[in-house]
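File shown: structure_28.pdb (PDB, N, CA and C atoms and all ligand atoms).
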ATOM      1  N   MET A   1     116.421 127.697 104.276
ATOM      2  CA  MET A   1     115.077 127.138 104.514
ATOM      3  C   MET A   1     114.922 125.873 103.665
ATOM      4  N   MET A   2     114.543 124.801 104.282
ATOM      5  CA  MET A   2     114.358 123.551 103.568
ATOM      6  C   MET A   2     112.907 123.464 103.090
ATOM      7  N   SER A   3     112.778 123.111 101.835
ATOM      8  CA  SER A   3     111.411 122.957 101.333
ATOM      9  C   SER A   3     111.151 121.496 101.018
ATOM     10  N   ILE A   4     109.968 121.051 101.331
ATOM     11  CA  ILE A   4     109.612 119.642 101.116
ATOM     12  C   ILE A   4     108.280 119.579 100.375
ATOM     13  N   GLY A   5     108.252 118.764  99.355
ATOM     14  CA  GLY A   5     107.042 118.648  98.551
ATOM     15  C   GLY A   5     105.998 117.780  99.214
ATOM     16  N   LEU A   6     104.808 117.893  98.695
ATOM     17  CA  LEU A   6     103.696 117.129  99.276
ATOM     18  C   LEU A   6     103.907 115.632  99.059
ATOM     19  N   GLY A   7     104.450 115.295  97.895
ATOM     20  CA  GLY A   7     104.700 113.887  97.591
ATOM     21  C   GLY A   7     105.723 113.290  98.530
ATOM     22  N   GLU A   8     106.794 114.062  98.801
ATOM     23  CA  GLU A   8     107.827 113.589  99.719
ATOM     24  C   GLU A   8     107.265 113.421 101.124
ATOM     25  N   LEU A   9     106.433 114.365 101.510
ATOM     26  CA  LEU A   9     105.804 114.326 102.831
ATOM     27  C   LEU A   9     104.940 113.073 102.965
ATOM     28  N   LEU A  10     104.196 112.797 101.897
ATOM     29  CA  LEU A  10     103.308 111.634 101.871
ATOM     30  C   LEU A  10     104.123 110.345 101.949
ATOM     31  N   LEU A  11     105.190 110.293 101.157
ATOM     32  CA  LEU A  11     106.060 109.108 101.132
ATOM     33  C   LEU A  11     106.683 108.871 102.498
ATOM     34  N   CYS A  12     107.135 109.969 103.114
ATOM     35  CA  CYS A  12     107.773 109.862 104.424
ATOM     36  C   CYS A  12     106.788 109.352 105.467
ATOM     37  N   SER A  13     105.571 109.865 105.444
ATOM     38  CA  SER A  13     104.598 109.453 106.455
ATOM     39  C   SER A  13     104.198 107.999 106.247
ATOM     40  N   VAL A  14     104.115 107.562 104.991
ATOM     41  CA  VAL A  14     103.779 106.159 104.718
ATOM     42  C   VAL A  14     104.920 105.269 105.192
ATOM     43  N   ALA A  15     106.155 105.664 104.905
ATOM     44  CA  ALA A  15     107.323 104.879 105.301
ATOM     45  C   ALA A  15     107.436 104.786 106.814
ATOM     46  N   LEU A  16     107.020 105.849 107.511
ATOM     47  CA  LEU A  16     107.059 105.842 108.970
ATOM     48  C   LEU A  16     105.904 105.046 109.553
ATOM     49  N   LEU A  17     104.767 105.106 108.863
ATOM     50  CA  LEU A  17     103.545 104.513 109.389
ATOM     51  C   LEU A  17     103.503 102.998 109.219
ATOM     52  N   LEU A  18     104.024 102.517 108.101
ATOM     53  CA  LEU A  18     103.916 101.081 107.809
ATOM     54  C   LEU A  18     104.516 100.182 108.893
ATOM     55  N   PRO A  19     105.740 100.466 109.361
ATOM     56  CA  PRO A  19     106.283  99.619 110.437
ATOM     57  C   PRO A  19     105.460  99.707 111.707
ATOM     58  N   ILE A  20     104.908 100.890 111.987
ATOM     59  CA  ILE A  20     104.083 101.053 113.193
ATOM     60  C   ILE A  20     102.833 100.178 113.070
ATOM     61  N   LEU A  21     102.209 100.194 111.899
ATOM     62  CA  LEU A  21     101.026  99.368 111.669
ATOM     63  C   LEU A  21     101.373  97.886 111.788
ATOM     64  N   GLY A  22     102.548  97.529 111.283
ATOM     65  CA  GLY A  22     103.002  96.144 111.377
ATOM     66  C   GLY A  22     103.180  95.721 112.818
ATOM     67  N   VAL A  23     103.796  96.588 113.617
ATOM     68  CA  VAL A  23     104.017  96.285 115.033
ATOM     69  C   VAL A  23     102.685  96.164 115.757
ATOM     70  N   VAL A  24     101.769  97.087 115.466
ATOM     71  CA  VAL A  24     100.439  97.044 116.090
ATOM     72  C   VAL A  24      99.740  95.735 115.740
ATOM     73  N   GLY A  25      99.868  95.321 114.475
ATOM     74  CA  GLY A  25      99.255  94.072 114.035
ATOM     75  C   GLY A  25      99.825  92.875 114.768
ATOM     76  N   ILE A  26     101.148  92.834 114.922
ATOM     77  CA  ILE A  26     101.803  91.716 115.609
ATOM     78  C   ILE A  26     101.401  91.688 117.079
ATOM     79  N   VAL A  27     101.352  92.877 117.702
ATOM     80  CA  VAL A  27     100.968  92.955 119.118
ATOM     81  C   VAL A  27      99.526  92.470 119.296
ATOM     82  N   LEU A  28      98.636  92.915 118.417
ATOM     83  CA  LEU A  28      97.231  92.491 118.484
ATOM     84  C   LEU A  28      97.113  90.984 118.319
ATOM     85  N   LEU A  29      97.888  90.437 117.383
ATOM     86  CA  LEU A  29      97.854  89.006 117.093
ATOM     87  C   LEU A  29      98.357  88.198 118.284
ATOM     88  N   ALA A  30      99.481  88.642 118.848
ATOM     89  CA  ALA A  30     100.079  87.930 119.979
ATOM     90  C   ALA A  30      99.168  88.002 121.191
ATOM     91  N   ARG A  31      98.618  89.182 121.459
ATOM     92  CA  ARG A  31      97.734  89.374 122.599
ATOM     93  C   ARG A  31      96.433  88.605 122.403
ATOM     94  N   GLY A  32      95.917  88.651 121.156
ATOM     95  CA  GLY A  32      94.676  87.954 120.840
ATOM     96  C   GLY A  32      94.809  86.456 120.980
ATOM     97  N   THR A  33      95.975  85.936 120.606
ATOM     98  CA  THR A  33      96.218  84.501 120.716
ATOM     99  C   THR A  33      96.284  84.093 122.181
ATOM    100  N   LYS A  34      96.900  84.932 122.991
ATOM    101  CA  LYS A  34      97.059  84.639 124.410
ATOM    102  C   LYS A  34      95.719  84.742 125.140
ATOM    103  N   GLN A  35      94.964  85.788 124.816
ATOM    104  CA  GLN A  35      93.706  86.032 125.530
ATOM    105  C   GLN A  35      92.502  85.455 124.791
ATOM    106  N   LYS A  36      92.750  84.799 123.661
ATOM    107  CA  LYS A  36      91.701  84.162 122.872
ATOM    108  C   LYS A  36      90.608  85.148 122.447
ATOM    109  N   THR A  37      91.008  86.194 121.786
ATOM    110  CA  THR A  37      90.054  87.129 121.206
ATOM    111  C   THR A  37      89.990  86.879 119.700
ATOM    112  N   ASP A  38      89.173  87.675 119.014
ATOM    113  CA  ASP A  38      89.026  87.533 117.568
ATOM    114  C   ASP A  38      90.334  87.806 116.826
ATOM    115  N   PHE A  39      91.238  88.550 117.454
ATOM    116  CA  PHE A  39      92.484  88.905 116.780
ATOM    117  C   PHE A  39      93.516  87.780 116.844
ATOM    118  N   GLY A  40      93.235  86.784 117.646
ATOM    119  CA  GLY A  40      94.208  85.720 117.862
ATOM    120  C   GLY A  40      94.283  84.744 116.704
ATOM    121  N   LEU A  41      95.268  83.886 116.828
ATOM    122  CA  LEU A  41      95.500  82.883 115.798
ATOM    123  C   LEU A  41      95.373  81.512 116.458
ATOM    124  N   ASN A  42      94.384  80.747 116.050
ATOM    125  CA  ASN A  42      94.197  79.428 116.637
ATOM    126  C   ASN A  42      94.620  78.364 115.639
ATOM    127  N   LEU A  43      95.675  77.660 115.955
ATOM    128  CA  LEU A  43      96.190  76.642 115.051
ATOM    129  C   LEU A  43      95.693  75.253 115.415
ATOM    130  N   SER A  44      95.112  75.129 116.603
ATOM    131  CA  SER A  44      94.565  73.831 116.994
ATOM    132  C   SER A  44      93.041  73.901 116.882
ATOM    133  N   VAL A  45      92.514  73.101 115.972
ATOM    134  CA  VAL A  45      91.074  73.128 115.704
ATOM    135  C   VAL A  45      90.325  72.430 116.840
ATOM    136  N   PRO A  46      89.280  73.060 117.372
ATOM    137  CA  PRO A  46      88.497  72.409 118.422
ATOM    138  C   PRO A  46      87.870  71.113 117.915
ATOM    139  N   SER A  47      87.767  70.136 118.803
ATOM    140  CA  SER A  47      87.370  68.800 118.375
ATOM    141  C   SER A  47      85.871  68.665 118.178
ATOM    142  N   GLY A  48      85.097  69.405 118.945
ATOM    143  CA  GLY A  48      83.658  69.227 118.823
ATOM    144  C   GLY A  48      82.883  70.387 119.406
ATOM    145  N   CYS A  49      81.585  70.355 119.196
ATOM    146  CA  CYS A  49      80.697  71.382 119.710
ATOM    147  C   CYS A  49      80.613  71.284 121.234
ATOM    148  N   PRO A  50      80.823  72.396 121.963
ATOM    149  CA  PRO A  50      80.776  72.342 123.426
ATOM    150  C   PRO A  50      79.366  72.113 123.966
ATOM    151  N   LYS A  51      78.364  72.325 123.127
ATOM    152  CA  LYS A  51      76.985  72.200 123.589
ATOM    153  C   LYS A  51      76.454  70.777 123.385
ATOM    154  N   CYS A  52      76.662  70.228 122.189
ATOM    155  CA  CYS A  52      76.081  68.913 121.906
ATOM    156  C   CYS A  52      77.143  67.868 121.580
ATOM    157  N   ALA A  53      78.418  68.263 121.596
ATOM    158  CA  ALA A  53      79.562  67.363 121.388
ATOM    159  C   ALA A  53      79.621  66.765 119.982
ATOM    160  N   ALA A  54      78.872  67.312 119.056
ATOM    161  CA  ALA A  54      78.949  66.845 117.673
ATOM    162  C   ALA A  54      80.273  67.286 117.073
ATOM    163  N   PRO A  55      80.907  66.423 116.270
ATOM    164  CA  PRO A  55      82.187  66.817 115.660
ATOM    165  C   PRO A  55      82.005  67.981 114.694
ATOM    166  N   LEU A  56      82.986  68.881 114.708
ATOM    167  CA  LEU A  56      82.920  70.033 113.817
ATOM    168  C   LEU A  56      83.514  69.672 112.461
ATOM    169  N   PRO A  57      82.964  70.230 111.393
ATOM    170  CA  PRO A  57      83.505  69.910 110.067
ATOM    171  C   PRO A  57      84.941  70.400 109.931
ATOM    172  N   THR A  58      85.784  69.587 109.336
ATOM    173  CA  THR A  58      87.194  69.974 109.181
ATOM    174  C   THR A  58      87.343  71.086 108.147
ATOM    175  N   VAL A  59      86.513  71.017 107.124
ATOM    176  CA  VAL A  59      86.519  72.096 106.138
ATOM    177  C   VAL A  59      85.485  73.120 106.578
ATOM    178  N   ARG A  60      85.985  74.285 106.920
ATOM    179  CA  ARG A  60      85.129  75.309 107.491
ATOM    180  C   ARG A  60      84.461  76.118 106.384
ATOM    181  N   ALA A  61      83.149  76.114 106.373
ATOM    182  CA  ALA A  61      82.407  76.926 105.416
ATOM    183  C   ALA A  61      81.746  78.072 106.169
ATOM    184  N   PRO A  62      82.234  79.296 105.981
ATOM    185  CA  PRO A  62      81.681  80.421 106.722
ATOM    186  C   PRO A  62      80.207  80.653 106.382
ATOM    187  N   LYS A  63      79.397  80.823 107.435
ATOM    188  CA  LYS A  63      77.961  81.016 107.241
ATOM    189  C   LYS A  63      77.596  82.499 107.181
ATOM    190  N   ASN A  64      78.475  83.348 107.663
ATOM    191  CA  ASN A  64      78.187  84.786 107.630
ATOM    192  C   ASN A  64      79.492  85.569 107.539
ATOM    193  N   ALA A  65      79.378  86.874 107.465
ATOM    194  CA  ALA A  65      80.548  87.737 107.268
ATOM    195  C   ALA A  65      81.512  87.653 108.440
ATOM    196  N   ARG A  66      80.970  87.472 109.645
ATOM    197  CA  ARG A  66      81.828  87.424 110.820
ATOM    198  C   ARG A  66      82.684  86.159 110.814
ATOM    199  N   GLN A  67      82.065  85.044 110.407
ATOM    200  CA  GLN A  67      82.830  83.801 110.336
ATOM    201  C   GLN A  67      83.872  83.863 109.228
ATOM    202  N   LEU A  68      83.527  84.556 108.153
ATOM    203  CA  LEU A  68      84.470  84.719 107.050
ATOM    204  C   LEU A  68      85.678  85.530 107.500
ATOM    205  N   LEU A  69      85.407  86.538 108.323
ATOM    206  CA  LEU A  69      86.450  87.463 108.754
ATOM    207  C   LEU A  69      87.252  86.901 109.920
ATOM    208  N   TRP A  70      86.577  86.346 110.903
ATOM    209  CA  TRP A  70      87.244  85.970 112.152
ATOM    210  C   TRP A  70      87.334  84.467 112.375
ATOM    211  N   GLY A  71      86.671  83.706 111.532
ATOM    212  CA  GLY A  71      86.672  82.271 111.739
ATOM    213  C   GLY A  71      85.533  81.843 112.652
ATOM    214  N   GLY A  72      85.387  80.551 112.809
ATOM    215  CA  GLY A  72      84.322  80.036 113.652
ATOM    216  C   GLY A  72      83.430  79.085 112.875
ATOM    217  N   TRP A  73      82.524  78.477 113.589
ATOM    218  CA  TRP A  73      81.651  77.464 113.001
ATOM    219  C   TRP A  73      80.209  77.715 113.414
ATOM    220  N   THR A  74      79.315  77.185 112.630
ATOM    221  CA  THR A  74      77.941  77.003 113.078
ATOM    222  C   THR A  74      77.739  75.495 113.167
ATOM    223  N   CYS A  75      77.389  75.032 114.354
ATOM    224  CA  CYS A  75      77.237  73.590 114.563
ATOM    225  C   CYS A  75      76.137  73.056 113.658
ATOM    226  N   THR A  76      76.474  72.010 112.898
ATOM    227  CA  THR A  76      75.490  71.439 111.977
ATOM    228  C   THR A  76      74.437  70.628 112.737
ATOM    229  N   SER A  77      74.761  70.270 113.973
ATOM    230  CA  SER A  77      73.851  69.434 114.746
ATOM    231  C   SER A  77      72.836  70.262 115.548
ATOM    232  N   CYS A  78      73.332  71.255 116.317
ATOM    233  CA  CYS A  78      72.417  72.018 117.169
ATOM    234  C   CYS A  78      72.295  73.476 116.730
ATOM    235  N   GLY A  79      73.093  73.908 115.764
ATOM    236  CA  GLY A  79      72.952  75.245 115.190
ATOM    237  C   GLY A  79      73.580  76.355 116.007
ATOM    238  N   VAL A  80      74.319  76.009 117.073
ATOM    239  CA  VAL A  80      74.949  77.030 117.894
ATOM    240  C   VAL A  80      76.161  77.606 117.147
ATOM    241  N   GLU A  81      76.391  78.901 117.346
ATOM    242  CA  GLU A  81      77.517  79.535 116.662
ATOM    243  C   GLU A  81      78.745  79.538 117.563
ATOM    244  N   LEU A  82      79.861  79.053 117.023
ATOM    245  CA  LEU A  82      81.097  78.974 117.791
ATOM    246  C   LEU A  82      82.131  79.928 117.210
ATOM    247  N   ASP A  83      82.991  80.427 118.087
ATOM    248  CA  ASP A  83      84.093  81.238 117.585
ATOM    249  C   ASP A  83      85.254  80.330 117.205
ATOM    250  N   LYS A  84      86.354  80.915 116.763
ATOM    251  CA  LYS A  84      87.479  80.109 116.284
ATOM    252  C   LYS A  84      88.135  79.294 117.393
ATOM    253  N   TRP A  85      87.833  79.651 118.644
ATOM    254  CA  TRP A  85      88.409  78.925 119.778
ATOM    255  C   TRP A  85      87.500  77.773 120.219
ATOM    256  N   GLY A  86      86.377  77.585 119.498
ATOM    257  CA  GLY A  86      85.468  76.503 119.823
ATOM    258  C   GLY A  86      84.545  76.840 120.973
ATOM    259  N   ARG A  87      84.414  78.143 121.307
ATOM    260  CA  ARG A  87      83.531  78.544 122.377
ATOM    261  C   ARG A  87      82.211  79.028 121.784
ATOM    262  N   VAL A  88      81.142  78.907 122.538
ATOM    263  CA  VAL A  88      79.846  79.384 122.068
ATOM    264  C   VAL A  88      79.881  80.907 122.017
ATOM    265  N   ARG A  89      79.518  81.424 120.856
ATOM    266  CA  ARG A  89      79.549  82.860 120.666
ATOM    267  C   ARG A  89      78.232  83.465 121.132
ATOM    268  N   ASN A  90      78.342  84.496 121.932
ATOM    269  CA  ASN A  90      77.150  85.183 122.403
ATOM    270  C   ASN A  90      76.474  85.896 121.233
ATOM    271  N   PRO A  91      75.226  85.531 120.902
ATOM    272  CA  PRO A  91      74.581  86.135 119.740
ATOM    273  C   PRO A  91      74.365  87.632 119.847
ATOM    274  N   THR A  92      74.365  88.176 121.068
ATOM    275  CA  THR A  92      74.128  89.609 121.218
ATOM    276  C   THR A  92      75.406  90.415 121.011
ATOM    277  N   SER A  93      76.563  89.776 121.120
ATOM    278  CA  SER A  93      77.806  90.529 120.977
ATOM    279  C   SER A  93      78.281  90.562 119.550
TER     280      SER A  93
HETATM  281 ZN    ZN A 101      76.251  71.567 118.550
END

Can you turn what I pasted into structure tokens?
Amino acid sequence: MMSIGLGELLLCSVALLLPILGVVGIVLLARGTKQKTDFGLNLSVPSGCPKCAAPLPTVRAPKNARQLLWGGWTCTSCGVELDKWGRVRNPTS
């Protein structure tokens, strides 16, 4: 009969879980970039506000927790909230 300690069990599950989490993260990132969701990575900064065409600040100062977490801008000219892809963010979502 093989006996396994709780610590070994914990170590094994962490060692098994970490690569799975990494793969899930990469898949989310790749899919998010393709479908332009919050999980995506946008390396090309949008040139201006889609509503009033005012240029967006190059240095992004997050105005709220969502912008800090996912990126995005609040237009200094018309006050509309944009996501990291430069699209107008629906305030209800
Ligand atoms: Zn604007």

Determine, using only C-alpha atoms and all ligand atoms, which residues of chain A have any atom at most 6 Å from an atom of ligand ZN 101 (chain A), and tabulate each with its shortest atom pair and distance in Å to one decimal place, rows ordered by chain and then rising number, as CSV.
residue,atom,partner,partner_atom,distance
A:Cys49,CA,A:ZN101,ZN,4.6
A:Lys51,CA,A:ZN101,ZN,5.1
A:Cys52,CA,A:ZN101,ZN,4.3
A:Ala54,CA,A:ZN101,ZN,5.5
A:Cys75,CA,A:ZN101,ZN,4.6
A:Ser77,CA,A:ZN101,ZN,5.0
A:Cys78,CA,A:ZN101,ZN,4.1
A:Gly79,CA,A:ZN101,ZN,6.0
A:Val80,CA,A:ZN101,ZN,5.7

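When only C-alpha atoms are used to measure the gap to A:Asn42, the shortest distance among A:Arg60, A:Lys84, A:Arg66, A:Arg89 belongs to A:Lys84.
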
I'd like the box whose edges run along x, y and z of the file and which contains every listed atom of stretch 37-52 of chain A, padded by 6 Å per side; could you state its centre and edge lengths in Å, one decimal, as JSON?
{"center_x": 86.1, "center_y": 78.4, "center_z": 119.5, "size_x": 32.1, "size_y": 33.0, "size_z": 20.9}

Picked from chain A by DSSP as strand (DSSP E or B), as JSON, numbers by chain: {"A": [48, 55, 73, 74, 81, 82, 88]}

Non-local contacts of stretch 17-25 of chain A (9 Å; only C-alpha atoms; under 5 positions in same chain excluded) as a PyMOL selection string: chain A and resi 12+30+39

Gap from atom CA of A:Lys34 to atom C of A:Asp83 - Å, one decimal: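 Atom-to-atom, atom CA of A:Lys34 and atom C of A:Asp83 are spaced 14.5 Å apart.
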
Two-atom distance - atom C of A:Pro50, atom N of A:Leu29 (Å): 26.9 Å

Picked residues, the PyMOL selection byres (((chain A and resi 46) around 8) and not hetatm), expected as a list in words: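 On this input, the PyMOL selection byres (((chain A and resi 46) around 8) and not hetatm) captures Asn42, Leu43, Ser44, Val45, Ser47, Gly48, Cys49, Pro55, Leu56, Lys84, Trp85, Gly86 and Arg87 of chain A.
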
Between atom CA of A:Trp70 and atom CA of A:Val14, distance in Å (one decimal): 27.1 Å

Closest of A:Pro57, A:Asn90, A:Leu41, A:Lys36 to A:Thr76 - atom-to-atom distances counting only N, CA and C atoms: A:Pro57

Alpha helix (DSSP H) per DSSP on the backbone: members of chain A, as JSON, numbers by chain: {"A": [6, 7, 8, 9, 10, 11, 12, 13, 14, 15, 16, 17, 18, 19, 20, 21, 22, 23, 24, 25, 26, 27, 28, 29, 30, 31, 32, 33, 34, 35, 65, 66, 67, 68, 69, 70]}

Residues near A:Ala61, cut-off 10 Å, only C-alpha atoms, skip fewer than 3 positions along chain, as a list of chain:residue names: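 Final neighbour list, sorted by chain and number: A:Pro57, A:Thr58, A:Asn64, A:Gln67, A:Leu68, A:Gly71, A:Gly72, A:Trp73, A:Thr74.
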